[in-house]
file entry-v8.pdb (PDB, C-alpha atoms)
ATOM      1  CA  MET A 259     -12.314   8.656  44.102
ATOM      2  CA  LYS A 260      -9.183   7.792  42.217
ATOM      3  CA  ALA A 261      -8.528   4.375  40.766
ATOM      4  CA  ARG A 262      -4.990   3.303  39.953
ATOM      5  CA  ILE A 263      -4.707   0.387  37.576
ATOM      6  CA  THR A 264      -1.547  -1.573  36.886
ATOM      7  CA  ILE A 265      -1.532  -3.875  33.884
ATOM      8  CA  THR A 266       1.255  -6.395  33.432
ATOM      9  CA  LEU A 267       1.964  -9.199  31.009
ATOM     10  CA  LYS A 268       1.220 -12.657  32.341
ATOM     11  CA  ASN A 269       4.105 -14.946  33.187
ATOM     12  CA  GLY A 270       5.164 -16.935  30.164
ATOM     13  CA  VAL A 271       4.065 -14.278  27.672
ATOM     14  CA  LEU A 272       7.067 -13.107  25.683
ATOM     15  CA  ASP A 273       7.808  -9.405  26.293
ATOM     16  CA  PRO A 274      10.101  -8.168  23.515
ATOM     17  CA  GLN A 275       9.973  -4.596  24.874
ATOM     18  CA  GLY A 276      11.063  -5.789  28.322
ATOM     19  CA  LYS A 277      13.914  -7.708  26.686
ATOM     20  CA  ALA A 278      15.009  -4.583  24.770
ATOM     21  CA  ILE A 279      14.932  -2.502  27.970
ATOM     22  CA  GLU A 280      16.952  -5.180  29.731
ATOM     23  CA  GLY A 281      19.543  -5.086  26.956
ATOM     24  CA  ALA A 282      19.734  -1.294  27.135
ATOM     25  CA  LEU A 283      20.148  -1.337  30.934
ATOM     26  CA  SER A 284      22.926  -3.844  30.565
ATOM     27  CA  SER A 285      24.676  -1.766  27.921
ATOM     28  CA  LEU A 286      24.421   1.270  30.231
ATOM     29  CA  GLY A 287      26.435  -0.702  32.732
ATOM     30  CA  PHE A 288      23.782  -1.630  35.297
ATOM     31  CA  PRO A 289      24.814  -5.086  36.510
ATOM     32  CA  GLY A 290      22.607  -7.878  37.794
ATOM     33  CA  VAL A 291      19.328  -6.782  36.124
ATOM     34  CA  SER A 292      17.068  -9.527  34.850
ATOM     35  CA  ASN A 293      13.412 -10.351  34.101
ATOM     36  CA  VAL A 294      12.479  -6.835  32.937
ATOM     37  CA  ARG A 295       8.766  -6.733  32.140
ATOM     38  CA  GLN A 296       7.005  -3.683  30.723
ATOM     39  CA  GLY A 297       3.415  -2.936  31.679
ATOM     40  CA  LYS A 298       0.876  -0.101  31.687
ATOM     41  CA  TYR A 299      -0.384   2.216  34.367
ATOM     42  CA  ILE A 300      -3.773   3.900  34.068
ATOM     43  CA  GLU A 301      -5.470   6.195  36.531
ATOM     44  CA  LEU A 302      -8.968   7.584  36.486
ATOM     45  CA  ASP A 303     -11.404   9.460  38.680
ATOM     46  CA  ILE A 304     -14.719   7.811  39.400
ATOM     47  CA  GLU A 305     -17.756   9.377  41.065
ATOM     48  CA  GLY A 306     -19.338   8.061  44.264
ATOM     49  CA  GLY A 307     -18.126   7.358  47.781
ATOM     50  CA  ASP A 308     -18.327   3.591  47.882
ATOM     51  CA  ALA A 309     -14.809   2.196  47.386
ATOM     52  CA  GLN A 310     -16.045  -1.345  46.990
ATOM     53  CA  ALA A 311     -18.529  -0.439  44.277
ATOM     54  CA  ALA A 312     -15.883   1.677  42.538
ATOM     55  CA  GLU A 313     -13.410  -1.185  42.599
ATOM     56  CA  ALA A 314     -16.005  -3.564  41.177
ATOM     57  CA  ALA A 315     -16.737  -1.088  38.384
ATOM     58  CA  VAL A 316     -13.051  -0.648  37.565
ATOM     59  CA  ASN A 317     -12.519  -4.423  37.550
ATOM     60  CA  ASP A 318     -15.345  -4.613  35.044
ATOM     61  CA  MET A 319     -13.664  -1.884  32.934
ATOM     62  CA  CYS A 320     -10.450  -3.911  32.983
ATOM     63  CA  ASP A 321     -12.190  -7.091  31.855
ATOM     64  CA  LYS A 322     -14.095  -5.305  29.094
ATOM     65  CA  LEU A 323     -11.501  -2.873  27.753
ATOM     66  CA  LEU A 324      -8.468  -1.786  29.746
ATOM     67  CA  ALA A 325      -6.712  -5.148  29.865
ATOM     68  CA  ASN A 326      -6.511  -8.060  27.463
ATOM     69  CA  THR A 327      -6.900 -10.929  29.883
ATOM     70  CA  VAL A 328      -5.543 -13.407  27.331
ATOM     71  CA  ILE A 329      -2.071 -11.972  27.865
ATOM     72  CA  GLU A 330      -2.372  -9.465  30.721
ATOM     73  CA  ASN A 331      -3.041  -9.390  34.457
ATOM     74  CA  TYR A 332      -4.298  -6.273  36.195
ATOM     75  CA  SER A 333      -4.522  -4.945  39.715
ATOM     76  CA  VAL A 334      -6.740  -2.105  40.918
ATOM     77  CA  LYS A 335      -6.311   0.241  43.862
ATOM     78  CA  VAL A 336      -9.096   2.660  44.756
ATOM     79  CA  SER A 337      -8.603   5.502  47.242
TER      80      SER A 337
ATOM     81  CA  MET B 160     -21.397 -11.540  -4.128
ATOM     82  CA  LYS B 161     -22.235  -8.588  -1.913
ATOM     83  CA  SER B 162     -19.695  -7.301   0.547
ATOM     84  CA  ALA B 163     -19.282  -4.511   3.082
ATOM     85  CA  VAL B 164     -16.112  -2.846   4.323
ATOM     86  CA  ILE B 165     -16.067  -1.246   7.769
ATOM     87  CA  THR B 166     -13.871   1.802   8.219
ATOM     88  CA  TYR B 167     -12.672   3.189  11.549
ATOM     89  CA  PRO B 168     -10.736   6.396  12.178
ATOM     90  CA  GLY B 169      -7.072   5.673  11.516
ATOM     91  CA  LEU B 170      -7.432   2.863   9.000
ATOM     92  CA  ASN B 171      -5.425   3.388   5.815
ATOM     93  CA  ARG B 172      -5.889   0.227   3.753
ATOM     94  CA  GLU B 173      -9.612   0.457   3.102
ATOM     95  CA  SER B 174      -9.196   1.777  -0.460
ATOM     96  CA  ASP B 175      -6.942  -1.126  -1.384
ATOM     97  CA  MET B 176      -9.441  -3.620   0.022
ATOM     98  CA  ILE B 177     -12.404  -1.949  -1.693
ATOM     99  CA  MET B 178     -10.543  -1.966  -5.028
ATOM    100  CA  ALA B 179      -9.591  -5.642  -4.657
ATOM    101  CA  LEU B 180     -13.156  -6.693  -3.799
ATOM    102  CA  GLU B 181     -14.571  -4.710  -6.699
ATOM    103  CA  ALA B 182     -11.919  -5.930  -9.135
ATOM    104  CA  VAL B 183     -12.529  -9.586  -8.396
ATOM    105  CA  THR B 184     -16.245  -9.734  -7.560
ATOM    106  CA  GLY B 185     -17.335  -7.064 -10.020
ATOM    107  CA  ARG B 186     -19.324  -5.300  -7.343
ATOM    108  CA  ALA B 187     -18.264  -2.381  -5.163
ATOM    109  CA  PRO B 188     -18.559  -3.136  -1.459
ATOM    110  CA  VAL B 189     -20.859  -1.115   0.787
ATOM    111  CA  ASN B 190     -18.922   1.329   2.949
ATOM    112  CA  VAL B 191     -19.828   1.192   6.622
ATOM    113  CA  TRP B 192     -18.553   3.905   8.976
ATOM    114  CA  HIS B 193     -17.731   2.737  12.498
ATOM    115  CA  THR B 194     -20.607   4.681  14.081
ATOM    116  CA  GLU B 195     -23.253   2.930  11.990
ATOM    117  CA  LYS B 196     -25.431   0.507  13.904
ATOM    118  CA  ASP B 197     -26.616  -1.348  10.824
ATOM    119  CA  ILE B 198     -24.692  -3.320   8.260
ATOM    120  CA  PRO B 199     -26.787  -4.216   5.212
ATOM    121  CA  ASP B 200     -27.387  -7.826   4.230
ATOM    122  CA  VAL B 201     -24.172  -8.976   2.567
ATOM    123  CA  ASP B 202     -22.271 -12.219   2.024
ATOM    124  CA  LEU B 203     -19.028 -10.914   3.434
ATOM    125  CA  ILE B 204     -17.988  -8.204   5.887
ATOM    126  CA  VAL B 205     -14.365  -7.079   5.758
ATOM    127  CA  ILE B 206     -12.302  -5.092   8.232
ATOM    128  CA  PRO B 207      -9.243  -3.785   6.406
ATOM    129  CA  GLY B 208      -5.867  -2.767   7.789
ATOM    130  CA  GLY B 209      -4.443   0.394   9.252
ATOM    131  CA  PHE B 210      -4.045   1.955  12.637
ATOM    132  CA  SER B 211      -7.493   2.408  14.135
ATOM    133  CA  TYR B 212      -7.404   4.993  16.917
ATOM    134  CA  GLY B 213      -3.640   5.247  16.494
ATOM    135  CA  ASP B 214      -3.212   1.803  18.082
ATOM    136  CA  TYR B 215      -3.980   3.453  21.453
ATOM    137  CA  LEU B 216      -4.298   1.138  24.469
ATOM    138  CA  ARG B 217      -3.789  -2.015  22.350
ATOM    139  CA  CYS B 218      -4.019  -2.439  18.578
ATOM    140  CA  GLY B 219      -7.704  -2.769  17.700
ATOM    141  CA  ALA B 220      -8.925  -2.434  21.293
ATOM    142  CA  ILE B 221     -10.966   0.750  20.841
ATOM    143  CA  ALA B 222     -12.312  -0.142  17.400
ATOM    144  CA  ALA B 223     -13.519  -3.471  18.766
ATOM    145  CA  ARG B 224     -15.895  -1.548  21.043
ATOM    146  CA  SER B 225     -17.793   0.465  18.443
ATOM    147  CA  ALA B 226     -21.328   0.343  17.092
ATOM    148  CA  ALA B 227     -20.386  -1.187  13.736
ATOM    149  CA  THR B 228     -18.246  -3.845  15.424
ATOM    150  CA  ASP B 229     -21.135  -4.799  17.727
ATOM    151  CA  GLU B 230     -23.276  -5.337  14.641
ATOM    152  CA  LEU B 231     -20.472  -7.258  12.918
ATOM    153  CA  VAL B 232     -20.242  -9.591  15.932
ATOM    154  CA  ARG B 233     -24.020 -10.155  15.796
ATOM    155  CA  GLN B 234     -23.861 -10.954  12.078
ATOM    156  CA  ALA B 235     -20.813 -13.201  12.509
ATOM    157  CA  LYS B 236     -22.713 -15.184  15.120
ATOM    158  CA  ARG B 237     -25.538 -15.568  12.598
ATOM    159  CA  GLY B 238     -23.046 -17.081  10.161
ATOM    160  CA  VAL B 239     -22.154 -14.167   7.878
ATOM    161  CA  ASN B 240     -18.599 -14.502   6.546
ATOM    162  CA  VAL B 241     -16.106 -12.056   8.055
ATOM    163  CA  LEU B 242     -12.531 -11.316   7.003
ATOM    164  CA  GLY B 243     -10.118  -9.182   9.007
ATOM    165  CA  VAL B 244      -6.764  -8.210   7.531
ATOM    166  CA  CYS B 245      -3.920  -6.815   9.642
ATOM    167  CA  ASN B 246      -5.549  -4.263  11.958
ATOM    168  CA  GLY B 247      -8.784  -6.037  11.009
ATOM    169  CA  PHE B 248      -7.362  -9.267  12.468
ATOM    170  CA  GLN B 249      -6.388  -7.394  15.624
ATOM    171  CA  ILE B 250      -9.904  -5.955  15.883
ATOM    172  CA  LEU B 251     -11.548  -9.398  15.431
ATOM    173  CA  ILE B 252      -9.375 -10.771  18.241
ATOM    174  CA  GLU B 253     -10.175  -7.805  20.488
ATOM    175  CA  ALA B 254     -13.870  -8.280  19.703
ATOM    176  CA  GLY B 255     -13.628 -11.879  20.916
ATOM    177  CA  LEU B 256     -14.413 -13.492  17.553
ATOM    178  CA  LEU B 257     -11.001 -15.139  17.292
ATOM    179  CA  PRO B 258      -8.787 -16.537  20.070
ATOM    180  CA  GLY B 259      -5.327 -15.430  21.137
ATOM    181  CA  ALA B 260      -3.528 -12.110  20.932
ATOM    182  CA  LEU B 261      -1.346 -10.204  18.473
ATOM    183  CA  MET B 262       1.669  -8.853  20.286
ATOM    184  CA  ARG B 263       4.575  -6.573  19.413
ATOM    185  CA  ASN B 264       6.786  -8.128  16.725
ATOM    186  CA  ALA B 265       9.539 -10.193  18.304
ATOM    187  CA  GLY B 266      12.157  -8.060  16.522
ATOM    188  CA  LEU B 267      10.482  -4.877  17.853
ATOM    189  CA  LYS B 268      10.491  -3.387  14.354
ATOM    190  CA  PHE B 269       7.658  -2.516  12.020
ATOM    191  CA  VAL B 270       8.083  -5.007   9.187
ATOM    192  CA  CYS B 271       7.120  -4.082   5.631
ATOM    193  CA  ARG B 272       8.112  -6.757   3.131
ATOM    194  CA  THR B 273       6.863  -9.730   1.146
ATOM    195  CA  VAL B 274       6.565 -13.050   2.946
ATOM    196  CA  GLN B 275       5.801 -16.536   1.660
ATOM    197  CA  LEU B 276       2.378 -17.679   2.756
ATOM    198  CA  ARG B 277       1.401 -21.341   2.817
ATOM    199  CA  VAL B 278      -2.273 -22.330   2.622
ATOM    200  CA  GLU B 279      -2.963 -24.805   5.439
ATOM    201  CA  ASN B 280      -6.736 -25.075   5.117
ATOM    202  CA  ALA B 281      -8.292 -24.884   1.659
ATOM    203  CA  SER B 282     -11.903 -25.378   2.698
ATOM    204  CA  THR B 283     -12.612 -21.854   4.004
ATOM    205  CA  PHE B 284     -14.585 -19.196   2.126
ATOM    206  CA  PHE B 285     -11.331 -17.361   1.399
ATOM    207  CA  THR B 286      -9.109 -20.307   0.399
ATOM    208  CA  ARG B 287     -11.415 -22.594  -1.577
ATOM    209  CA  GLY B 288      -9.780 -21.470  -4.807
ATOM    210  CA  MET B 289      -6.474 -22.871  -3.631
ATOM    211  CA  SER B 290      -5.025 -26.166  -2.434
ATOM    212  CA  VAL B 291      -3.388 -27.095   0.852
ATOM    213  CA  GLY B 292       0.333 -26.554   0.449
ATOM    214  CA  ASP B 293       0.000 -23.781  -2.139
ATOM    215  CA  THR B 294       2.547 -21.102  -1.330
ATOM    216  CA  VAL B 295       2.068 -17.513  -2.437
ATOM    217  CA  PRO B 296       4.090 -14.356  -1.935
ATOM    218  CA  CYS B 297       2.106 -11.818   0.093
ATOM    219  CA  PRO B 298       3.006  -8.400   1.527
ATOM    220  CA  VAL B 299       3.014  -7.728   5.260
ATOM    221  CA  ALA B 300       3.155  -4.326   6.955
ATOM    222  CA  HIS B 301       2.749  -4.352  10.712
ATOM    223  CA  GLY B 302       4.423  -3.774  14.047
ATOM    224  CA  ASP B 303       2.144  -5.969  16.138
ATOM    225  CA  GLY B 304       1.545  -9.251  14.364
ATOM    226  CA  ASN B 305       3.197 -11.684  16.718
ATOM    227  CA  TYR B 306       0.451 -14.261  17.208
ATOM    228  CA  PHE B 307       0.283 -15.672  20.701
ATOM    229  CA  ALA B 308      -2.199 -17.929  22.458
ATOM    230  CA  ALA B 309      -2.213 -20.288  25.415
ATOM    231  CA  GLU B 310      -0.580 -23.613  24.586
ATOM    232  CA  GLU B 311      -3.851 -25.539  24.646
ATOM    233  CA  THR B 312      -5.473 -22.958  22.361
ATOM    234  CA  VAL B 313      -2.668 -23.306  19.819
ATOM    235  CA  ARG B 314      -2.949 -27.090  20.021
ATOM    236  CA  ARG B 315      -6.707 -26.898  19.462
ATOM    237  CA  LEU B 316      -6.237 -24.590  16.454
ATOM    238  CA  GLU B 317      -3.672 -26.970  14.963
ATOM    239  CA  ASP B 318      -5.621 -30.152  15.675
ATOM    240  CA  THR B 319      -8.832 -28.828  14.164
ATOM    241  CA  GLY B 320      -7.363 -27.312  11.006
ATOM    242  CA  ARG B 321      -8.021 -23.751  12.090
ATOM    243  CA  VAL B 322      -4.632 -22.426  11.066
ATOM    244  CA  VAL B 323      -5.479 -21.137   7.592
ATOM    245  CA  PHE B 324      -2.164 -19.515   6.651
ATOM    246  CA  ARG B 325       1.376 -20.044   7.837
ATOM    247  CA  TYR B 326       4.561 -18.110   7.097
ATOM    248  CA  THR B 327       6.932 -20.450   5.324
ATOM    249  CA  ASP B 328      10.455 -20.609   3.891
ATOM    250  CA  GLY B 329      11.807 -18.835   6.965
ATOM    251  CA  THR B 330       9.803 -15.674   6.310
ATOM    252  CA  ASN B 331       8.013 -15.405   9.683
ATOM    253  CA  PRO B 332       8.295 -11.616  10.112
ATOM    254  CA  ASN B 333       7.147 -11.271  13.704
ATOM    255  CA  GLY B 334       7.852 -14.340  15.860
ATOM    256  CA  SER B 335       4.317 -15.763  15.678
ATOM    257  CA  VAL B 336       3.955 -19.099  17.434
ATOM    258  CA  ASN B 337       4.064 -21.999  14.930
ATOM    259  CA  ASP B 338       4.529 -19.395  12.147
ATOM    260  CA  ILE B 339       0.787 -18.684  12.300
ATOM    261  CA  ALA B 340      -0.256 -15.948   9.855
ATOM    262  CA  GLY B 341      -4.020 -16.467   9.767
ATOM    263  CA  ILE B 342      -6.701 -18.433  11.601
ATOM    264  CA  VAL B 343     -10.405 -19.208  11.337
ATOM    265  CA  ASN B 344     -13.014 -19.459  14.091
ATOM    266  CA  GLU B 345     -14.622 -22.720  15.111
ATOM    267  CA  ALA B 346     -17.721 -22.170  12.980
ATOM    268  CA  GLY B 347     -15.540 -21.517   9.930
ATOM    269  CA  ASN B 348     -16.984 -18.113   8.973
ATOM    270  CA  VAL B 349     -14.532 -15.666  10.580
ATOM    271  CA  ILE B 350     -10.974 -15.417   9.244
ATOM    272  CA  GLY B 351      -8.231 -13.132  10.507
ATOM    273  CA  MET B 352      -4.836 -12.748   8.882
ATOM    274  CA  MET B 353      -1.905 -10.349   9.232
ATOM    275  CA  PRO B 354      -0.673 -10.294   5.586
ATOM    276  CA  HIS B 355      -2.294  -8.109   2.922
ATOM    277  CA  PRO B 356      -3.535 -10.298   0.029
ATOM    278  CA  GLU B 357      -5.381  -7.261  -1.401
ATOM    279  CA  ASN B 358      -1.970  -5.856  -2.316
ATOM    280  CA  ARG B 359      -0.967  -8.792  -4.526
ATOM    281  CA  ILE B 360      -3.779  -9.219  -7.031
ATOM    282  CA  GLU B 361      -2.527  -7.524 -10.216
ATOM    283  CA  ALA B 362       0.627  -7.003 -12.242
ATOM    284  CA  LEU B 363       1.055  -3.474 -10.890
ATOM    285  CA  HIS B 364       1.425  -4.965  -7.411
ATOM    286  CA  GLY B 365       4.363  -7.018  -8.638
ATOM    287  CA  GLY B 366       2.262 -10.135  -8.968
ATOM    288  CA  SER B 367      -1.277 -11.451  -8.767
ATOM    289  CA  GLU B 368      -0.733 -14.652  -6.780
ATOM    290  CA  CYS B 369      -3.249 -13.679  -4.061
ATOM    291  CA  ARG B 370      -6.066 -13.034  -6.522
ATOM    292  CA  ALA B 371      -7.121 -16.682  -6.157
ATOM    293  CA  LEU B 372      -8.002 -15.958  -2.518
ATOM    294  CA  PHE B 373     -10.506 -13.313  -3.575
ATOM    295  CA  GLU B 374     -11.757 -15.560  -6.377
ATOM    296  CA  SER B 375     -12.598 -18.105  -3.671
ATOM    297  CA  LEU B 376     -15.368 -15.681  -2.681
ATOM    298  CA  LEU B 377     -17.117 -16.210  -6.009
ATOM    299  CA  ASN B 378     -19.432 -19.060  -6.949
ATOM    300  CA  GLN B 379     -20.252 -19.972  -3.396
ATOM    301  CA  MET B 380     -22.645 -17.276  -2.317
ATOM    302  CA  SER B 381     -26.228 -16.798  -3.239
ATOM    303  CA  HIS B 382     -26.392 -13.076  -4.016
TER     304      HIS B 382
END

call {"tool": "encode", "arguments": {"input": "entry-v8.pdb", "output": "structure tokens"}}
result
Amino acid sequence: MKARITITLKNGVLDPQGKAIEGALSSLGFPGVSNVRQGKYIELDIEGGDAQAAEAAVNDMCDKLLANTVIENYSVKVS
Amino acid sequence: MKSAVITYPGLNRESDMIMALEAVTGRAPVNVWHTEKDIPDVDLIVIPGGFSYGDYLRCGAIAARSAATDELVRQAKRGVNVLGVCNGFQILIEAGLLPGALMRNAGLKFVCRTVQLRVENASTFFTRGMSVGDTVPCPVAHGDGNYFAAEETVRRLEDTGRVVFRYTDGTNPNGSVNDIAGIVNEAGNVIGMMPHPENRIEALHGGSECRALFESLLNQMSH
């Protein structure tokens, strides 16, 4: 099974990289862009056929390593 | 005063730290490689600076999950003094020994310069040789030193004297909340700081103002 993990900064956490991207988009002439936030995307294969168990395992991986839950939220999709 | 220095792949400041510890305490620290499960009985364990695992995933994230770090956490919980400098600070946070997070510098640039560091708590194992309000020049060299924590965490750190060092005179290099440069855990035995005091302890460094921090380590430990 494949797990797709999206990690984003929590609301209220300053994202200097997002701000820099926003500035660059603006200077490229894209109007009306705001609130740019940069995150991470991780995918991995995991053995077994039980989607629920796989999702629980990946959530555990996120809590223990893949995300820093002080500043980041994550979401997991298993298929 | 016996000390140990843990080294992970990608660190580059371990030699400076080892030299500083030996110069001031008169005793070479024990080198511990990150795969080692045992850290000998010492008074102080130090994680120096650098770029462990190339800063992959998040700075310090991979190093925080290694055998030597597990043992460091066990010893810290038993009360052994621990100091993390720069990447070492990031690793201590990732290992859960200190609260908050160290994010990308607000200016997005790697900053390598000398800042002014104000001692805010002079009762820790690393600041006892100084007084509250003492200000020393100290080098910084990092891209991810922007200290962040939830508002109530910052308030708790401030109210309980757990901010040990603050950038002063407008020299905050990274956008850290409240100009925080270094903090201590609740028990008082784990300190993390972004600046590099080991690089300001002799004339060849341009000054020796930070030597007093290392001298704080003396005369307080049994070995």

call {"tool": "interface_residues", "arguments": {"input": "entry-v8.pdb", "of": "chain A", "to": "chain B", "cutoff": "7 Å", "atoms": "all atoms listed in the file", "output": "PyMOL selection string"}}
result
chain A and resi 274+323+328

call {"tool": "resolve_selection", "arguments": {"input": "entry-v8.pdb", "expression": "the PyMOL selection byres ((chain A and resi 305-307) around 12)", "output": "list in words"}}
result
Met259, Lys260, Ala261, Leu302, Asp303, Ile304, Asp308, Ala309, Gln310, Ala311, Ala312, Glu313, Ala315, Val316, Val336 and Ser337 of chain A

call {"tool": "resolve_selection", "arguments": {"input": "entry-v8.pdb", "expression": "the PyMOL selection byres ((chain B and resi 235) around 12)", "output": "PyMOL selection string"}}
result
chain B and resi 198+200-205+228-234+236-243+251+254-257+344-350

call {"tool": "atom_distance", "arguments": {"input": "entry-v8.pdb", "atom1": "CA of Pro207 in chain B", "atom2": "CA of Arg321 in chain B"}}
result
20.8 Å

call {"tool": "resolve_selection", "arguments": {"input": "entry-v8.pdb", "expression": "the PyMOL selection byres ((chain A and resi 266) around 7)", "output": "ChimeraX atom specification"}}
result
/A:264-265,267-268,296-298,330-332

call {"tool": "closest_residue", "arguments": {"input": "entry-v8.pdb", "among": "B:Ile339, B:Val322, B:Cys297, B:Cys271", "to": "Gly365 in chain B", "atoms": "all atoms listed in the file"}}
result
B:Cys297

call {"tool": "residues_around", "arguments": {"input": "entry-v8.pdb", "residues": "Ser292 in chain A", "least_positions_apart": "2", "cutoff": "12 Å", "atoms": "only C-alpha atoms", "output": "list of chain:residue names"}}
result
A:Gly276, A:Lys277, A:Ala278, A:Ile279, A:Glu280, A:Gly281, A:Ala282, A:Leu283, A:Ser284, A:Phe288, A:Pro289, A:Gly290, A:Val294, A:Arg295

call {"tool": "axis_aligned_box", "arguments": {"input": "entry-v8.pdb", "around": "range 164-167 of chain B", "padding_each_side": "5 Å", "output": "JSON"}}
result
{"center_x": -14.4, "center_y": 0.2, "center_z": 7.9, "size_x": 13.4, "size_y": 16.0, "size_z": 17.2}

call {"tool": "closest_residue", "arguments": {"input": "entry-v8.pdb", "among": "B:Glu368, B:Asp214, B:Asp175, B:Glu195", "to": "Asp303 in chain B", "atoms": "all atoms listed in the file"}}
result
B:Asp214

call {"tool": "residues_near_point", "arguments": {"input": "entry-v8.pdb", "point": "(-3.5, -16.3, 0.5)", "cutoff": "10 Å", "atoms": "all atoms listed in the file", "output": "PyMOL selection string"}}
result
chain B and resi 275-279+281+285-286+288-289+293-297+323-325+340-341+352+354-357+359+368-373

call {"tool": "write_last_selection", "arguments": {"input": "entry-v8.pdb", "atoms": "C-alpha atoms", "output": "CSV table (one decimal), in the coordinates of the input"}}
result
chain,number,residue,atom,x,y,z
B,275,GLN,CA,5.8,-16.5,1.7
B,276,LEU,CA,2.4,-17.7,2.8
B,277,ARG,CA,1.4,-21.3,2.8
B,278,VAL,CA,-2.3,-22.3,2.6
B,279,GLU,CA,-3.0,-24.8,5.4
B,281,ALA,CA,-8.3,-24.9,1.7
B,285,PHE,CA,-11.3,-17.4,1.4
B,286,THR,CA,-9.1,-20.3,0.4
B,288,GLY,CA,-9.8,-21.5,-4.8
B,289,MET,CA,-6.5,-22.9,-3.6
B,293,ASP,CA,0.0,-23.8,-2.1
B,294,THR,CA,2.5,-21.1,-1.3
B,295,VAL,CA,2.1,-17.5,-2.4
B,296,PRO,CA,4.1,-14.4,-1.9
B,297,CYS,CA,2.1,-11.8,0.1
B,323,VAL,CA,-5.5,-21.1,7.6
B,324,PHE,CA,-2.2,-19.5,6.7
B,325,ARG,CA,1.4,-20.0,7.8
B,340,ALA,CA,-0.3,-15.9,9.9
B,341,GLY,CA,-4.0,-16.5,9.8
B,352,MET,CA,-4.8,-12.7,8.9
B,354,PRO,CA,-0.7,-10.3,5.6
B,355,HIS,CA,-2.3,-8.1,2.9
B,356,PRO,CA,-3.5,-10.3,0.0
B,357,GLU,CA,-5.4,-7.3,-1.4
B,359,ARG,CA,-1.0,-8.8,-4.5
B,368,GLU,CA,-0.7,-14.7,-6.8
B,369,CYS,CA,-3.2,-13.7,-4.1
B,370,ARG,CA,-6.1,-13.0,-6.5
B,371,ALA,CA,-7.1,-16.7,-6.2
B,372,LEU,CA,-8.0,-16.0,-2.5
B,373,PHE,CA,-10.5,-13.3,-3.6

call {"tool": "residues_around", "arguments": {"input": "entry-v8.pdb", "residues": "Thr166 in chain B", "least_positions_apart": "2", "cutoff": "12 Å", "atoms": "all atoms listed in the file", "output": "VMD selection string"}}
result
chain B and resid 163 to 164 168 to 174 176 to 177 188 to 195 198 204 to 212 222 to 223 225 to 228 243 246 to 247 250

call {"tool": "atom_distance", "arguments": {"input": "entry-v8.pdb", "atom1": "CA of Tyr299 in chain A", "atom2": "CA of Ala325 in chain A"}}
result
10.7 Å

call {"tool": "atom_distance", "arguments": {"input": "entry-v8.pdb", "atom1": "CA of Tyr167 in chain B", "atom2": "CA of Phe269 in chain B"}}
result
21.1 Å
